[in-house]
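Listing of run-v1.pdb, PDB, C-alpha atoms
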```
ATOM      1  CA  MET L 102       7.540  56.239 -52.769
ATOM      2  CA  ASN L 103      10.746  56.413 -54.800
ATOM      3  CA  ARG L 104       9.676  56.034 -58.437
ATOM      4  CA  ARG L 105      13.108  56.751 -59.901
ATOM      5  CA  GLY L 106      14.477  53.708 -61.816
ATOM      6  CA  VAL L 107      17.061  53.191 -64.566
ATOM      7  CA  THR L 108      16.453  55.051 -67.797
ATOM      8  CA  PHE L 109      17.060  53.562 -71.227
ATOM      9  CA  VAL L 110      19.988  55.928 -71.782
ATOM     10  CA  GLU L 111      21.616  54.851 -68.517
ATOM     11  CA  LEU L 112      21.154  51.208 -69.445
ATOM     12  CA  MET L 113      22.721  51.847 -72.860
ATOM     13  CA  ILE L 114      25.699  53.583 -71.204
ATOM     14  CA  VAL L 115      26.333  50.513 -69.031
ATOM     15  CA  VAL L 116      25.985  48.161 -72.015
ATOM     16  CA  THR L 117      28.371  50.307 -74.080
ATOM     17  CA  ILE L 118      30.957  50.400 -71.299
ATOM     18  CA  LEU L 119      30.744  46.605 -71.070
ATOM     19  CA  GLY L 120      31.241  46.466 -74.842
ATOM     20  CA  ILE L 121      34.354  48.652 -74.614
ATOM     21  CA  LEU L 122      35.800  46.476 -71.838
ATOM     22  CA  ALA L 123      35.130  43.336 -73.902
ATOM     23  CA  ASN L 124      36.778  44.937 -76.935
ATOM     24  CA  VAL L 125      39.905  45.609 -74.909
ATOM     25  CA  ALA L 126      39.991  42.282 -73.064
ATOM     26  CA  ILE L 127      39.158  39.779 -75.824
ATOM     27  CA  PRO L 128      42.181  40.529 -78.093
ATOM     28  CA  LYS L 129      44.481  40.333 -75.056
ATOM     29  CA  VAL L 130      43.102  36.920 -74.109
ATOM     30  CA  GLN L 131      43.426  35.718 -77.707
ATOM     31  CA  ASP L 132      47.015  36.982 -77.820
ATOM     32  CA  VAL L 133      47.944  35.145 -74.617
ATOM     33  CA  ARG L 134      46.316  31.957 -75.918
ATOM     34  CA  ARG L 135      48.165  32.296 -79.245
ATOM     35  CA  ARG L 136      51.518  32.782 -77.507
ATOM     36  CA  ALA L 137      50.894  29.693 -75.388
ATOM     37  CA  GLU L 138      50.119  27.707 -78.532
ATOM     38  CA  ALA L 139      53.267  29.024 -80.252
ATOM     39  CA  ALA L 140      55.346  28.058 -77.206
ATOM     40  CA  SER L 141      53.857  24.559 -77.404
ATOM     41  CA  VAL L 142      54.829  24.326 -81.109
ATOM     42  CA  ILE L 143      58.399  25.378 -80.291
ATOM     43  CA  ALA L 144      58.524  22.768 -77.502
ATOM     44  CA  ASP L 145      57.398  20.162 -80.063
ATOM     45  CA  PHE L 146      60.086  21.399 -82.454
ATOM     46  CA  HIS L 147      62.763  20.845 -79.793
ATOM     47  CA  ALA L 148      61.362  17.385 -79.010
ATOM     48  CA  VAL L 149      61.530  16.430 -82.705
ATOM     49  CA  ARG L 150      65.029  17.898 -82.998
ATOM     50  CA  ALA L 151      66.225  15.879 -79.968
ATOM     51  CA  ALA L 152      64.606  12.713 -81.352
ATOM     52  CA  ALA L 153      66.297  13.248 -84.730
ATOM     53  CA  PHE L 154      69.717  13.574 -83.130
ATOM     54  CA  ASP L 155      69.012  10.507 -80.969
ATOM     55  CA  ARG L 156      68.240   8.638 -84.161
ATOM     56  CA  PHE L 157      71.413   9.928 -85.791
ATOM     57  CA  ALA L 158      73.477   8.803 -82.792
ATOM     58  CA  GLU L 159      72.040   5.303 -83.183
ATOM     59  CA  ALA L 160      71.915   4.840 -86.953
ATOM     60  CA  GLU L 161      74.057   7.686 -88.334
ATOM     61  CA  THR L 162      71.208   8.743 -90.548
ATOM     62  CA  PHE L 163      68.235  11.038 -90.362
ATOM     63  CA  PRO L 164      64.734   9.965 -91.419
ATOM     64  CA  SER L 165      63.679  10.868 -94.953
ATOM     65  CA  SER L 166      60.936  13.424 -95.613
ATOM     66  CA  LYS L 167      57.381  12.473 -94.740
ATOM     67  CA  GLY L 168      53.938  13.786 -95.580
ATOM     68  CA  TRP L 169      51.931  16.258 -93.539
ATOM     69  CA  GLY L 170      50.914  14.865 -90.167
ATOM     70  CA  GLN L 171      53.055  11.713 -90.491
ATOM     71  CA  VAL L 172      55.453  11.040 -87.649
ATOM     72  CA  PRO L 173      58.629   9.379 -89.023
ATOM     73  CA  ALA L 174      58.658   5.848 -87.645
ATOM     74  CA  GLU L 175      62.377   6.175 -86.849
ATOM     75  CA  LEU L 176      61.653   9.028 -84.424
ATOM     76  CA  MET L 177      58.780   7.325 -82.569
ATOM     77  CA  ALA L 178      61.019   5.687 -79.975
ATOM     78  CA  SER L 179      62.630   8.978 -78.964
ATOM     79  CA  LEU L 180      59.481  11.075 -78.944
ATOM     80  CA  PRO L 181      57.183  11.355 -75.915
ATOM     81  CA  GLN L 182      54.372   8.822 -75.836
ATOM     82  CA  GLY L 183      51.328   9.980 -77.792
ATOM     83  CA  PHE L 184      53.301  12.619 -79.674
ATOM     84  CA  THR L 185      51.446  13.607 -82.799
ATOM     85  CA  PHE L 186      52.183  15.671 -85.906
ATOM     86  CA  GLN L 187      48.482  16.468 -86.266
ATOM     87  CA  LEU L 188      47.175  18.979 -83.749
ATOM     88  CA  PRO L 189      43.827  20.823 -83.862
ATOM     89  CA  ASN L 190      45.276  24.089 -85.227
ATOM     90  CA  VAL L 191      48.728  22.996 -86.369
ATOM     91  CA  THR L 192      50.150  20.237 -88.570
ATOM     92  CA  TYR L 193      53.809  19.248 -88.790
ATOM     93  CA  ARG L 194      55.861  17.692 -91.552
ATOM     94  CA  TRP L 195      59.337  16.242 -91.220
ATOM     95  CA  ARG L 196      61.718  17.420 -93.939
ATOM     96  CA  ARG L 197      65.108  16.178 -95.001
ATOM     97  CA  TRP L 198      66.609  17.837 -98.033
ATOM     98  CA  SER L 199      69.661  16.290 -99.693
ATOM     99  CA  LEU L 200      72.050  18.953-100.961
ATOM    100  CA  PRO L 201      74.644  17.541-103.359
ATOM    101  CA  ASN L 202      75.927  21.080-104.028
ATOM    102  CA  GLY L 203      75.571  22.214-100.428
ATOM    103  CA  LEU L 204      74.325  25.641 -99.479
ATOM    104  CA  PRO L 205      75.810  28.929-100.690
ATOM    105  CA  ARG L 206      78.999  29.539 -98.697
ATOM    106  CA  ARG L 207      78.372  26.221 -96.949
ATOM    107  CA  GLN L 208      79.246  23.781 -99.708
ATOM    108  CA  ARG L 209      80.070  21.018 -97.252
ATOM    109  CA  GLN L 210      76.566  20.943 -95.821
ATOM    110  CA  SER L 211      74.961  17.971 -97.517
ATOM    111  CA  LEU L 212      71.693  17.911 -95.598
ATOM    112  CA  LEU L 213      69.089  20.385 -94.492
ATOM    113  CA  LEU L 214      66.714  19.198 -91.815
ATOM    114  CA  GLY L 215      63.571  20.942 -90.803
ATOM    115  CA  LEU L 216      60.164  20.733 -89.244
ATOM    116  CA  GLN L 217      57.508  22.269 -91.430
ATOM    117  CA  VAL L 218      54.632  23.834 -89.543
ATOM    118  CA  ARG L 219      51.282  24.605 -91.123
ATOM    119  CA  THR L 220      48.457  26.622 -89.605
ATOM    120  CA  ASP L 221      45.556  28.666 -90.916
ATOM    121  CA  ASP L 222      46.209  31.405 -88.362
ATOM    122  CA  PRO L 223      48.806  33.885 -89.719
ATOM    123  CA  ARG L 224      49.126  35.515 -86.290
ATOM    124  CA  LEU L 225      49.968  32.182 -84.698
ATOM    125  CA  MET L 226      52.553  31.736 -87.456
ATOM    126  CA  GLU L 227      54.080  35.101 -86.581
ATOM    127  CA  SER L 228      54.269  34.093 -82.907
ATOM    128  CA  ILE L 229      55.939  30.782 -83.845
ATOM    129  CA  LYS L 230      58.535  32.594 -85.962
ATOM    130  CA  GLY L 231      59.088  35.065 -83.155
ATOM    131  CA  LEU L 232      59.756  32.324 -80.601
ATOM    132  CA  TYR L 233      61.914  30.182 -82.916
ATOM    133  CA  GLY L 234      65.521  30.946 -82.125
ATOM    134  CA  GLY L 235      67.057  28.705 -84.787
ATOM    135  CA  PRO L 236      69.242  29.544 -87.764
ATOM    136  CA  LEU L 237      66.637  29.795 -90.510
ATOM    137  CA  ALA L 238      62.883  29.895 -90.882
ATOM    138  CA  PHE L 239      61.287  30.298 -94.266
ATOM    139  CA  GLY L 240      57.819  29.942 -95.697
ATOM    140  CA  SER L 241      54.557  31.726 -96.265
ATOM    141  CA  ALA L 242      51.807  33.175 -94.101
ATOM    142  CA  THR L 243      50.362  29.740 -93.404
ATOM    143  CA  GLN L 244      53.381  27.426 -93.400
ATOM    144  CA  VAL L 245      56.959  27.734 -92.330
ATOM    145  CA  THR L 246      59.989  25.459 -92.275
ATOM    146  CA  LEU L 247      61.936  25.689 -89.033
ATOM    147  CA  VAL L 248      65.443  24.534 -89.860
ATOM    148  CA  ILE L 249      67.121  22.139 -87.429
ATOM    149  CA  GLU L 250      70.799  22.639 -86.772
TER
ATOM    150  CA  MET U  32      16.523  77.556 -34.121
ATOM    151  CA  THR U  33      15.229  73.976 -33.993
ATOM    152  CA  PRO U  34      13.526  72.435 -37.083
ATOM    153  CA  ARG U  35      10.186  72.573 -35.271
ATOM    154  CA  GLU U  36      10.607  76.352 -34.551
ATOM    155  CA  ALA U  37      11.652  76.918 -38.152
ATOM    156  CA  ARG U  38       8.583  75.106 -39.454
ATOM    157  CA  LYS U  39       6.372  77.172 -37.061
ATOM    158  CA  SER U  40       7.872  80.451 -38.250
ATOM    159  CA  THR U  41       7.407  79.464 -41.932
ATOM    160  CA  LEU U  42       3.797  78.507 -41.221
ATOM    161  CA  SER U  43       3.137  81.757 -39.440
ATOM    162  CA  ALA U  44       4.586  83.696 -42.357
ATOM    163  CA  SER U  45       2.134  82.041 -44.737
ATOM    164  CA  GLU U  46      -1.459  83.078 -44.819
ATOM    165  CA  SER U  47      -2.961  79.564 -44.559
ATOM    166  CA  PRO U  48      -1.798  75.917 -44.304
ATOM    167  CA  ALA U  49      -3.003  75.345 -47.908
ATOM    168  CA  GLN U  50      -0.834  78.195 -49.112
ATOM    169  CA  TYR U  51       2.043  76.835 -47.048
ATOM    170  CA  PHE U  52       1.804  73.383 -48.685
ATOM    171  CA  GLU U  53       1.457  74.992 -52.095
ATOM    172  CA  GLU U  54       4.657  76.934 -51.493
ATOM    173  CA  ILE U  55       6.455  73.771 -50.390
ATOM    174  CA  LEU U  56       5.300  71.866 -53.501
ATOM    175  CA  GLU U  57       6.368  74.741 -55.725
ATOM    176  CA  ARG U  58       9.787  74.929 -54.049
ATOM    177  CA  GLU U  59      10.265  71.189 -54.472
ATOM    178  CA  ALA U  60       9.268  71.332 -58.116
ATOM    179  CA  THR U  61      11.676  74.221 -58.741
ATOM    180  CA  ALA U  62      14.443  72.374 -56.942
ATOM    181  CA  ALA U  63      13.827  69.205 -58.917
ATOM    182  CA  ARG U  64      13.618  70.816 -62.360
ATOM    183  CA  PRO U  65      17.191  72.110 -62.826
ATOM    184  CA  ARG U  66      18.680  68.903 -61.373
ATOM    185  CA  THR U  67      17.038  66.304 -63.665
ATOM    186  CA  LEU U  68      16.975  68.212 -66.922
ATOM    187  CA  PRO U  69      20.747  68.820 -67.401
ATOM    188  CA  ARG U  70      21.571  65.304 -66.139
ATOM    189  CA  ARG U  71      19.353  63.696 -68.792
ATOM    190  CA  LEU U  72      20.773  66.039 -71.386
ATOM    191  CA  SER U  73      24.416  65.246 -70.434
ATOM    192  CA  GLN U  74      23.781  61.484 -70.583
ATOM    193  CA  VAL U  75      23.053  61.523 -74.313
ATOM    194  CA  PRO U  76      26.409  63.047 -75.397
ATOM    195  CA  LEU U  77      28.139  60.655 -72.985
ATOM    196  CA  LEU U  78      26.322  57.690 -74.531
ATOM    197  CA  LEU U  79      27.159  58.901 -78.042
ATOM    198  CA  THR U  80      30.846  59.301 -77.129
ATOM    199  CA  LEU U  81      30.962  55.851 -75.561
ATOM    200  CA  LEU U  82      29.218  54.351 -78.579
ATOM    201  CA  ALA U  83      31.756  55.987 -80.895
ATOM    202  CA  VAL U  84      34.611  54.555 -78.801
ATOM    203  CA  ALA U  85      33.016  51.091 -78.776
ATOM    204  CA  ILE U  86      32.429  51.109 -82.547
ATOM    205  CA  SER U  87      35.989  52.349 -83.220
ATOM    206  CA  LEU U  88      37.464  49.622 -80.998
ATOM    207  CA  THR U  89      35.353  46.929 -82.678
ATOM    208  CA  ALA U  90      36.426  48.150 -86.125
ATOM    209  CA  TRP U  91      40.089  48.285 -85.024
ATOM    210  CA  ASN U  92      39.914  44.737 -83.688
ATOM    211  CA  LEU U  93      38.222  43.450 -86.852
ATOM    212  CA  ILE U  94      40.785  45.147 -89.114
ATOM    213  CA  GLY U  95      43.594  43.814 -86.923
ATOM    214  CA  THR U  96      42.262  40.248 -87.178
ATOM    215  CA  THR U  97      41.549  40.128 -90.878
ATOM    216  CA  GLY U  98      44.071  42.626 -92.221
ATOM    217  CA  ASN U  99      47.518  41.834 -93.581
ATOM    218  CA  LEU U 100      50.404  41.499 -91.195
ATOM    219  CA  ASP U 101      53.104  44.087 -91.731
ATOM    220  CA  SER U 102      55.844  41.702 -90.747
ATOM    221  CA  LEU U 103      54.926  39.227 -93.466
ATOM    222  CA  ARG U 104      55.984  41.141 -96.508
ATOM    223  CA  ALA U 105      55.317  39.887-100.002
ATOM    224  CA  GLY U 106      59.079  39.883-100.612
ATOM    225  CA  GLU U 107      59.660  37.452 -97.772
ATOM    226  CA  GLU U 108      57.317  34.910 -99.321
ATOM    227  CA  GLU U 109      58.960  35.261-102.724
ATOM    228  CA  VAL U 110      62.444  34.738-101.302
ATOM    229  CA  ALA U 111      61.229  31.713 -99.334
ATOM    230  CA  THR U 112      59.727  30.252-102.513
ATOM    231  CA  ARG U 113      62.987  30.769-104.425
ATOM    232  CA  PHE U 114      64.879  28.971-101.660
ATOM    233  CA  THR U 115      62.334  26.128-101.724
ATOM    234  CA  LEU U 116      62.897  25.798-105.489
ATOM    235  CA  TYR U 117      66.642  25.726-104.812
ATOM    236  CA  LEU U 118      66.138  22.771-102.458
ATOM    237  CA  ILE U 119      63.814  20.958-104.892
ATOM    238  CA  VAL U 120      66.283  21.426-107.785
ATOM    239  CA  GLN U 121      69.092  19.901-105.733
ATOM    240  CA  THR U 122      66.935  16.905-104.797
ATOM    241  CA  LEU U 123      65.936  16.429-108.446
ATOM    242  CA  GLU U 124      69.544  16.653-109.628
ATOM    243  CA  LEU U 125      70.613  14.104-107.013
ATOM    244  CA  TYR U 126      67.830  11.752-108.137
ATOM    245  CA  ARG U 127      68.822  12.179-111.797
ATOM    246  CA  ASP U 128      72.504  11.553-110.994
ATOM    247  CA  SER U 129      71.713   8.353-109.111
ATOM    248  CA  THR U 130      68.967   6.883-111.338
ATOM    249  CA  GLY U 131      69.607   8.504-114.723
ATOM    250  CA  THR U 132      65.964   9.566-115.016
ATOM    251  CA  LEU U 133      63.690  12.221-113.606
ATOM    252  CA  PRO U 134      60.704  11.437-111.377
ATOM    253  CA  THR U 135      57.292  11.777-112.980
ATOM    254  CA  GLU U 136      56.058  13.775-110.013
ATOM    255  CA  LEU U 137      57.570  15.451-106.955
ATOM    256  CA  GLU U 138      55.580  13.234-104.567
ATOM    257  CA  VAL U 139      57.960  10.385-105.490
ATOM    258  CA  LEU U 140      60.774  12.276-103.755
ATOM    259  CA  ASN U 141      58.534  13.691-101.031
ATOM    260  CA  VAL U 142      59.550  17.192-102.037
ATOM    261  CA  ASN U 143      56.105  18.289-103.174
ATOM    262  CA  GLU U 144      55.309  21.786-101.988
ATOM    263  CA  GLU U 145      52.032  23.649-102.121
ATOM    264  CA  GLY U 146      51.980  26.047-105.042
ATOM    265  CA  VAL U 147      54.944  24.483-106.837
ATOM    266  CA  GLN U 148      54.189  22.890-110.220
ATOM    267  CA  TYR U 149      56.549  20.371-111.774
ATOM    268  CA  ALA U 150      56.603  19.361-115.435
ATOM    269  CA  VAL U 151      59.001  16.849-116.940
ATOM    270  CA  SER U 152      59.801  16.359-120.612
ATOM    271  CA  GLY U 153      62.450  13.769-121.446
ATOM    272  CA  ASN U 154      65.559  14.706-119.529
ATOM    273  CA  ALA U 155      64.452  18.273-118.829
ATOM    274  CA  TYR U 156      62.112  19.642-116.220
ATOM    275  CA  GLU U 157      60.456  22.881-115.280
ATOM    276  CA  LEU U 158      59.391  24.201-111.896
ATOM    277  CA  ARG U 159      56.789  26.942-111.556
ATOM    278  CA  ALA U 160      55.667  28.690-108.416
ATOM    279  CA  LYS U 161      53.246  31.561-108.109
ATOM    280  CA  VAL U 162      53.698  34.146-105.362
ATOM    281  CA  GLY U 163      50.902  36.682-105.469
ATOM    282  CA  GLU U 164      50.954  38.151-108.962
ATOM    283  CA  ARG U 165      54.485  37.015-109.747
ATOM    284  CA  GLU U 166      55.493  33.670-111.166
ATOM    285  CA  ILE U 167      58.903  32.166-110.541
ATOM    286  CA  VAL U 168      60.047  29.730-113.208
ATOM    287  CA  TYR U 169      63.124  27.531-113.166
ATOM    288  CA  ARG U 170      64.099  25.285-116.091
ATOM    289  CA  SER U 171      66.681  22.533-115.741
ATOM    290  CA  GLY U 172      70.169  23.652-116.761
ATOM    291  CA  GLU U 173      69.520  27.322-115.886
ATOM    292  CA  ASP U 174      71.786  29.277-113.585
ATOM    293  CA  MET U 175      70.852  28.629-109.965
ATOM    294  CA  SER U 176      72.561  31.697-108.547
ATOM    295  CA  GLU U 177      69.281  33.634-108.228
ATOM    296  CA  LEU U 178      67.737  30.771-106.264
ATOM    297  CA  ALA U 179      70.898  30.381-104.181
ATOM    298  CA  ARG U 180      70.877  34.092-103.396
ATOM    299  CA  ALA U 181      67.551  33.554-101.624
ATOM    300  CA  TYR U 182      69.347  31.555 -98.958
ATOM    301  CA  GLU U 183      71.737  34.411 -98.268
ATOM    302  CA  LEU U 184      68.859  36.853 -98.065
ATOM    303  CA  LEU U 185      66.940  34.609 -95.711
ATOM    304  CA  SER U 186      69.877  33.871 -93.468
ATOM    305  CA  ARG U 187      70.834  37.541 -93.288
ATOM    306  CA  ASN U 188      67.195  38.513 -92.946
ATOM    307  CA  GLN U 189      67.818  41.388 -95.345
ATOM    308  CA  ILE U 190      64.833  41.093 -97.597
ATOM    309  CA  GLN U 191      64.265  44.118 -99.812
TER
END
```

Let me see the structure of the file written as structure tokens.
Amino acid sequence: MNRRGVTFVELMIVVTILGILANVAIPKVQDVRRRAEAASVIADFHAVRAAAFDRFAEAETFPSSKGWGQVPAELMASLPQGFTFQLPNVTYRWRRWSLPNGLPRRQRQSLLLGLQVRTDDPRLMESIKGLYGGPLAFGSATQVTLVIE
Amino acid sequence: MTPREARKSTLSASESPAQYFEEILEREATAARPRTLPRRLSQVPLLLTLLAVAISLTAWNLIGTTGNLDSLRAGEEEVATRFTLYLIVQTLELYRDSTGTLPTELEVLNVNEEGVQYAVSGNAYELRAKVGEREIVYRSGEDMSELARAYELLSRNQIQ
């Protein structure tokens, strides 16, 4: 009769190898998920940007700044149905800054438009900044203003 | 020589069947001893090495998740705050030019920002923002060039 089974040490080796594999795989999965979320935020940014320019084409004005999570009523018609500024991990805020003195070296620019993005995940924020291809992004580790141009 | 002939010759070489079986048992025991002992011994260092790798990876992942991001330098946040103050000042000045007064709070103009404190006294105002240990203060009438410079730094992405 074969009495040889699995020893405790052998079992521990298998468990440790599984632990190593999990340690390698989990961050990769999280990274992929984070990039997908960042890509979704950038898609939302472009949707808001398009809606703002639609609004400008109609009324020759951009909506004024709103609070966190509030979709400007003027943009509703041009945004996809069910579009929200309040997502599980991310919140948006529409910004319109009036610049009577313009910007340095751009004195004629009287407005600065932007979509402010807030998240508690600094790594997601880094991914968002990395994917944003616009002229200017500024903010902190948890919120950033993506300038619309 | 067939296995049966080999067994016969081994048996004939032994003095009795009991001795023959004893020899076989002894040979088996000798054969088994050197095989199992080193294998068990080599499993322990292997387990210890794997455990060390697993613990190191776990620690690395935990540090990577909770640690500071290199790309987000403290300077970047300070410059961004200065630029935000620049935008708030312009909005306040525009409001003062059009109404002749200053708002009691930034929420009126929807330019309230986290971490930015606004205080108004008559026709003067003060903005304070704290970035880490440093505090940035702007008082109405002061030169805005330092705040404006933040825009150039941000747009060039040349933050020192």

- When distances are computed from all atoms listed in the file, which of U:Asn92, U:Thr61, U:Thr80, U:Gln50 shows the smallest separation from Pro128 in chain L?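 Checking each candidate against Pro128 in chain L, we get U:Asn92 as the closest.
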
- Message: Assuming the chain letters and numbering stay as they are in my file, what does the PyMOL selection byres ((chain U and resi 106-123) around 7) actually select? List them as a list in words.
- Response: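 On this input, the PyMOL selection byres ((chain U and resi 106-123) around 7) captures Trp198, Ser199, Leu200, Pro201, Phe239, Gly240 and Ser241 of chain L; Leu103, Arg104, Ala105, Glu124, Leu125, Tyr126, Arg127, Val142, Val162, Leu178, Ala179, Ala181, Tyr182, Ile190 and Gln191 of chain U.
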
- Query: Given the choices L:Asp155, L:Glu111, L:Glu175, L:Asp221, which gets closest to chain U if the distance is worked out from only C-alpha atoms?
  - Reply: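 Distance minimum relative to chain U lands on L:Glu111.
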
- Message: At a cut-off of 12 Å around the point (60.2, 34.3, -84.1) (file coordinates), what residues fall inside when counting only C-alpha atoms? I'd like the answer as a list in words.
- Response: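 The residues near that point, listed by chain and number, are Arg136, Ala139, Ala140, Val142, Ile143, Arg224, Leu225, Met226, Glu227, Ser228, Ile229, Lys230, Gly231, Leu232, Tyr233, Gly234, Gly235, Pro236, Leu237, Ala238, Phe239, Val245 and Leu247 of chain L; Ser102 and Leu103 of chain U.
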
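Here CA of Pro223 in chain L stands at a distance of 5.8 Å from CA of Thr243 in chain L.
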